[in-house]
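J.: So that we are looking at the same thing, I have put the structure below in structure tokens.
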Amino acid sequence: MSGKSQLLNEAIANNELSEFIMGSNKKYYLVCQYADMPTDPDQVFDSFKEYYQRTNDGSIWVSFENEIVNLNTTSDGAWFSIYYLSMYLSYRKYTGKEFINLKSIIKVIENGLDKFKTELEKDKKWVGNDFENGLWGDVVRLVNILNMKFEININLHNGV
């Protein structure tokens with residue numbers, strides 16, 4: 001079992017899945033070598049895939065879906081949820097299986113991003129520093145990619 005999978009198991013055992021997904025507890029922080037982020041969403045998502053492959057326990061996807069909903073209660077989480085959606089869509093395409101209620105999650109993410117748009121436009125932390133309109137610029141960039149690559153329609157209302 002990989003180190004990131006061990007961290008996921010620890011987070012589940014300690015009822016700290018939110019902290020693991022967001023990297024808000026330093027013991028769960030996974031370094032993203034490609035961008036300045038609160039944790040590496042690719043490694044975090046890989047731990048969910050590994051858990052499922054190892055245990056065949058589909059409840060991990062229920063937990064994942066619940067955490068995406070929880071992320072969208074803060075501006076940082078709303079921004080970060082688009083990364084987890086990206087990881088999920090790639091995995092779904094690879095496996096050909098649906099593990100979460102995609103329509104529902106997209107709606108939650110759209111609502112979260114709409115609610116926090118003004119905050120995200122002003123937020124220059126992490127990769128937000130690379131965009132004129134902060135983390136919102138990163139959201140628009142990634143949503144455009146996801147909409148084209150996966151032929152979905154994430155609607156940012158006023159942003160795309």
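By convention here, the chains of the structure tokens are called A, B, ... in the order presented, each chain's residues are numbered starting at 1, and ligands are numbered starting at 1 in the order presented.
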Kindly assemble as a Markdown table a list of the region 18-55 of chain A residues that lie within 12 Å of region 135-144 of chain A, each paired with its nearest atom pair and their distance in Å to one decimal, using only C-alpha atoms, sorted first by chain and then by ascending residue number.
T.:
```
| residue | atom | partner | partner_atom | distance |
| --- | --- | --- | --- | --- |
| A:Ala35 | CA | A:Asp138 | CA | 11.6 |
| A:Asp36 | CA | A:Leu135 | CA | 11.7 |
| A:Met37 | CA | A:Leu135 | CA | 10.9 |
```
J.: Let me see the file: selected residues, C-alpha atoms, as a compact mmCIF listing (two decimals), in the first residue's frame.
T.:
```txt
# COMPACT_ATOMS: atom_id res chain seq x y z
CA ALA A 35 1.77 23.99 -9.16
CA ASP A 36 1.39 25.89 -5.91
CA MET A 37 -1.67 24.19 -4.41
```
J.: Excluding same-chain residues fewer than 6 positions from region 146-148 of chain A, what lies within 10 Å of it counting only C-alpha atoms, as a list of chain:residue names?
T.: A:Ile82, A:Tyr83, A:Leu85, A:Ser86, A:Leu89, A:Ser90, A:Val140, A:Ile154, A:Asn155
J.: I'd like to know which of A:Ile21, A:Val108, A:Leu156, A:Leu113 is closest to Ser63 (chain A), using only C-alpha atoms.
T.: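 For Ser63 (chain A), the nearest of the candidates is A:Ile21.
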J.: Within 12 Å of Gly134 (chain A), counting only C-alpha atoms, which residues qualify if same-chain residues fewer than 5 places away don't, as a compact mmCIF listing (two decimals) with N, CA and C atoms, in the first residue's frame?
T.:
```
# COMPACT_ATOMS: atom_id res chain seq x y z
N SER A 75 -14.84 29.25 -0.47
CA SER A 75 -14.30 29.68 -1.77
C SER A 75 -13.10 28.81 -2.15
N ASP A 76 -12.20 28.51 -1.20
CA ASP A 76 -11.05 27.65 -1.51
C ASP A 76 -11.52 26.27 -1.97
N TRP A 79 -13.09 26.31 -5.53
CA TRP A 79 -12.03 26.31 -6.54
C TRP A 79 -11.41 24.92 -6.66
N LYS A 117 -17.65 33.44 -6.74
CA LYS A 117 -16.95 34.02 -7.89
C LYS A 117 -16.20 35.30 -7.51
N THR A 118 -16.84 36.22 -6.84
CA THR A 118 -16.21 37.50 -6.50
C THR A 118 -14.98 37.29 -5.63
N GLU A 119 -15.08 36.40 -4.64
CA GLU A 119 -13.92 36.10 -3.78
C GLU A 119 -12.80 35.48 -4.59
N LEU A 120 -13.15 34.54 -5.47
CA LEU A 120 -12.13 33.85 -6.26
C LEU A 120 -11.43 34.80 -7.23
N GLU A 121 -12.16 35.79 -7.76
CA GLU A 121 -11.56 36.76 -8.67
C GLU A 121 -10.48 37.59 -7.97
N LYS A 122 -10.63 37.80 -6.68
CA LYS A 122 -9.68 38.61 -5.91
C LYS A 122 -8.57 37.77 -5.29
N ASP A 123 -8.72 36.47 -5.31
CA ASP A 123 -7.81 35.57 -4.58
C ASP A 123 -6.58 35.24 -5.42
N LYS A 124 -5.44 35.71 -4.97
CA LYS A 124 -4.18 35.51 -5.70
C LYS A 124 -3.29 34.44 -5.06
N LYS A 125 -3.81 33.71 -4.08
CA LYS A 125 -2.95 32.68 -3.48
C LYS A 125 -2.87 31.47 -4.40
N TRP A 126 -1.91 30.62 -4.10
CA TRP A 126 -1.66 29.42 -4.89
C TRP A 126 -1.51 29.79 -6.37
N VAL A 127 -2.18 29.09 -7.26
CA VAL A 127 -2.04 29.37 -8.69
C VAL A 127 -2.80 30.62 -9.11
N GLY A 128 -3.58 31.20 -8.21
CA GLY A 128 -4.31 32.43 -8.51
C GLY A 128 -3.38 33.57 -8.87
N ASN A 129 -2.16 33.49 -8.42
CA ASN A 129 -1.16 34.51 -8.72
C ASN A 129 -0.80 34.52 -10.21
N VAL A 139 -10.16 28.66 -12.65
CA VAL A 139 -11.43 27.94 -12.80
C VAL A 139 -11.89 27.99 -14.25
N VAL A 140 -11.91 29.18 -14.83
CA VAL A 140 -12.38 29.34 -16.21
C VAL A 140 -11.51 28.51 -17.17
N ARG A 141 -10.20 28.55 -16.96
CA ARG A 141 -9.28 27.77 -17.79
C ARG A 141 -9.62 26.29 -17.72
```
J.: Determine which residues of chain A receive a DSSP assignment of alpha helix (DSSP H), computed from the backbone, and state them as a VMD selection string.
T.: chain A and resid 3 to 13 17 to 22 41 to 55 59 to 71 75 to 95 102 to 122 134 to 149
J.: Using 10 Å as the limit and counting only C-alpha atoms, can you tabulate each residue of region 57-141 of chain A that touches region 13-20 of chain A, with its shortest atom-to-atom distance in Å and the two atoms involved, as JSON lines?
T.:
```
{"residue": "A:Ser63", "atom": "CA", "partner": "A:Leu17", "partner_atom": "CA", "distance": 8.3}
{"residue": "A:Phe64", "atom": "CA", "partner": "A:Leu17", "partner_atom": "CA", "distance": 8.7}
{"residue": "A:Asn66", "atom": "CA", "partner": "A:Ser18", "partner_atom": "CA", "distance": 9.5}
{"residue": "A:Glu67", "atom": "CA", "partner": "A:Ser18", "partner_atom": "CA", "distance": 6.3}
{"residue": "A:Ile68", "atom": "CA", "partner": "A:Ser18", "partner_atom": "CA", "distance": 9.1}
{"residue": "A:Asn70", "atom": "CA", "partner": "A:Ser18", "partner_atom": "CA", "distance": 7.8}
{"residue": "A:Leu71", "atom": "CA", "partner": "A:Ser18", "partner_atom": "CA", "distance": 7.9}
{"residue": "A:Gly77", "atom": "CA", "partner": "A:Ser18", "partner_atom": "CA", "distance": 9.9}
```
J.: Could you list, as a ChimeraX atom specification, every residue within 12 Å of Tyr28 (chain A), counting only C-alpha atoms and ignoring same-chain residues fewer than 6 positions away?
T.: /A:3-12,14,16-22,38-41,43-44,47
J.: So that I have them on file, write out the residues from the current selection with N, CA and C atoms, as a PDB file, in the first residue's frame.
T.:
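Wrote it out as selection30.pdb, contents follow:
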```
ATOM      1  N   GLY A   3       2.094   5.247   0.382  1.00  0.00           N
ATOM      2  CA  GLY A   3       2.020   6.196   1.490  1.00  0.00           C
ATOM      3  C   GLY A   3       0.759   7.036   1.450  1.00  0.00           C
ATOM      4  N   LYS A   4       0.342   7.429   0.247  1.00  0.00           N
ATOM      5  CA  LYS A   4      -0.872   8.236   0.135  1.00  0.00           C
ATOM      6  C   LYS A   4      -2.106   7.416   0.505  1.00  0.00           C
ATOM      7  N   SER A   5      -2.077   6.122   0.205  1.00  0.00           N
ATOM      8  CA  SER A   5      -3.192   5.254   0.604  1.00  0.00           C
ATOM      9  C   SER A   5      -3.240   5.087   2.112  1.00  0.00           C
ATOM     10  N   GLN A   6      -2.071   5.015   2.719  1.00  0.00           N
ATOM     11  CA  GLN A   6      -2.015   4.943   4.185  1.00  0.00           C
ATOM     12  C   GLN A   6      -2.583   6.216   4.802  1.00  0.00           C
ATOM     13  N   LEU A   7      -2.268   7.355   4.186  1.00  0.00           N
ATOM     14  CA  LEU A   7      -2.815   8.623   4.676  1.00  0.00           C
ATOM     15  C   LEU A   7      -4.338   8.650   4.550  1.00  0.00           C
ATOM     16  N   LEU A   8      -4.858   8.140   3.434  1.00  0.00           N
ATOM     17  CA  LEU A   8      -6.309   8.074   3.265  1.00  0.00           C
ATOM     18  C   LEU A   8      -6.919   7.180   4.339  1.00  0.00           C
ATOM     19  N   ASN A   9      -6.335   6.024   4.573  1.00  0.00           N
ATOM     20  CA  ASN A   9      -6.848   5.130   5.626  1.00  0.00           C
ATOM     21  C   ASN A   9      -6.843   5.814   6.982  1.00  0.00           C
ATOM     22  N   GLU A  10      -5.778   6.542   7.275  1.00  0.00           N
ATOM     23  CA  GLU A  10      -5.689   7.268   8.543  1.00  0.00           C
ATOM     24  C   GLU A  10      -6.770   8.350   8.618  1.00  0.00           C
ATOM     25  N   ALA A  11      -6.969   9.073   7.530  1.00  0.00           N
ATOM     26  CA  ALA A  11      -7.988  10.128   7.505  1.00  0.00           C
ATOM     27  C   ALA A  11      -9.382   9.542   7.717  1.00  0.00           C
ATOM     28  N   ILE A  12      -9.651   8.403   7.103  1.00  0.00           N
ATOM     29  CA  ILE A  12     -10.948   7.741   7.289  1.00  0.00           C
ATOM     30  C   ILE A  12     -11.111   7.314   8.743  1.00  0.00           C
ATOM     31  N   ASN A  14      -9.723   8.500  11.367  1.00  0.00           N
ATOM     32  CA  ASN A  14      -9.786   9.654  12.276  1.00  0.00           C
ATOM     33  C   ASN A  14     -10.914  10.622  11.948  1.00  0.00           C
ATOM     34  N   GLU A  16     -11.263  12.439   9.332  1.00  0.00           N
ATOM     35  CA  GLU A  16     -10.620  13.653   8.854  1.00  0.00           C
ATOM     36  C   GLU A  16     -10.498  13.667   7.323  1.00  0.00           C
ATOM     37  N   LEU A  17     -11.501  13.114   6.676  1.00  0.00           N
ATOM     38  CA  LEU A  17     -11.458  13.052   5.218  1.00  0.00           C
ATOM     39  C   LEU A  17     -11.427  14.447   4.585  1.00  0.00           C
ATOM     40  N   SER A  18     -12.143  15.388   5.151  1.00  0.00           N
ATOM     41  CA  SER A  18     -12.125  16.764   4.626  1.00  0.00           C
ATOM     42  C   SER A  18     -10.722  17.355   4.684  1.00  0.00           C
ATOM     43  N   GLU A  19     -10.035  17.112   5.790  1.00  0.00           N
ATOM     44  CA  GLU A  19      -8.678  17.621   5.951  1.00  0.00           C
ATOM     45  C   GLU A  19      -7.724  16.970   4.952  1.00  0.00           C
ATOM     46  N   PHE A  20      -7.954  15.695   4.681  1.00  0.00           N
ATOM     47  CA  PHE A  20      -7.120  14.979   3.708  1.00  0.00           C
ATOM     48  C   PHE A  20      -7.340  15.535   2.305  1.00  0.00           C
ATOM     49  N   ILE A  21      -8.580  15.718   1.925  1.00  0.00           N
ATOM     50  CA  ILE A  21      -8.899  16.176   0.563  1.00  0.00           C
ATOM     51  C   ILE A  21      -8.407  17.600   0.320  1.00  0.00           C
ATOM     52  N   MET A  22      -8.470  18.433   1.333  1.00  0.00           N
ATOM     53  CA  MET A  22      -8.087  19.830   1.168  1.00  0.00           C
ATOM     54  C   MET A  22      -6.647  20.096   1.586  1.00  0.00           C
ATOM     55  N   PRO A  38      -2.856  23.715  -2.330  1.00  0.00           N
ATOM     56  CA  PRO A  38      -2.935  23.321  -0.914  1.00  0.00           C
ATOM     57  C   PRO A  38      -2.581  21.851  -0.667  1.00  0.00           C
ATOM     58  N   THR A  39      -2.700  21.026  -1.664  1.00  0.00           N
ATOM     59  CA  THR A  39      -2.253  19.635  -1.670  1.00  0.00           C
ATOM     60  C   THR A  39      -2.321  19.176  -3.121  1.00  0.00           C
ATOM     61  N   ASP A  40      -1.831  18.007  -3.412  1.00  0.00           N
ATOM     62  CA  ASP A  40      -1.822  17.530  -4.788  1.00  0.00           C
ATOM     63  C   ASP A  40      -3.098  16.734  -5.064  1.00  0.00           C
ATOM     64  N   PRO A  41      -4.049  17.308  -5.811  1.00  0.00           N
ATOM     65  CA  PRO A  41      -5.315  16.611  -6.043  1.00  0.00           C
ATOM     66  C   PRO A  41      -5.135  15.296  -6.810  1.00  0.00           C
ATOM     67  N   GLN A  43      -2.600  13.106  -6.496  1.00  0.00           N
ATOM     68  CA  GLN A  43      -2.214  12.083  -5.526  1.00  0.00           C
ATOM     69  C   GLN A  43      -3.373  11.725  -4.596  1.00  0.00           C
ATOM     70  N   VAL A  44      -4.125  12.731  -4.190  1.00  0.00           N
ATOM     71  CA  VAL A  44      -5.278  12.477  -3.320  1.00  0.00           C
ATOM     72  C   VAL A  44      -6.277  11.586  -4.053  1.00  0.00           C
ATOM     73  N   SER A  47      -5.304   8.026  -4.332  1.00  0.00           N
ATOM     74  CA  SER A  47      -5.515   7.232  -3.113  1.00  0.00           C
ATOM     75  C   SER A  47      -6.935   6.676  -3.060  1.00  0.00           C
TER      76      SER A  47
END
```
J.: What is the distance between CA of Ile109 (chain A) and CA of Val62 (chain A), in Å to one decimal?
T.: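 CA of Val62 (chain A) lies at a distance of 16.2 Å from CA of Ile109 (chain A).
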J.: Could you please determine the separation between CA of Tyr84 (chain A) and CA of Asp42 (chain A) in Å, to one decimal place?
T.: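 About the pair CA of Tyr84 (chain A) and CA of Asp42 (chain A): they are 7.9 Å apart.
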J.: So how many Å separate CA of Glu65 (chain A) and CA of Ile100 (chain A), to one decimal?
T.: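 Separating CA of Glu65 (chain A) from CA of Ile100 (chain A) is a distance of 6.3 Å.
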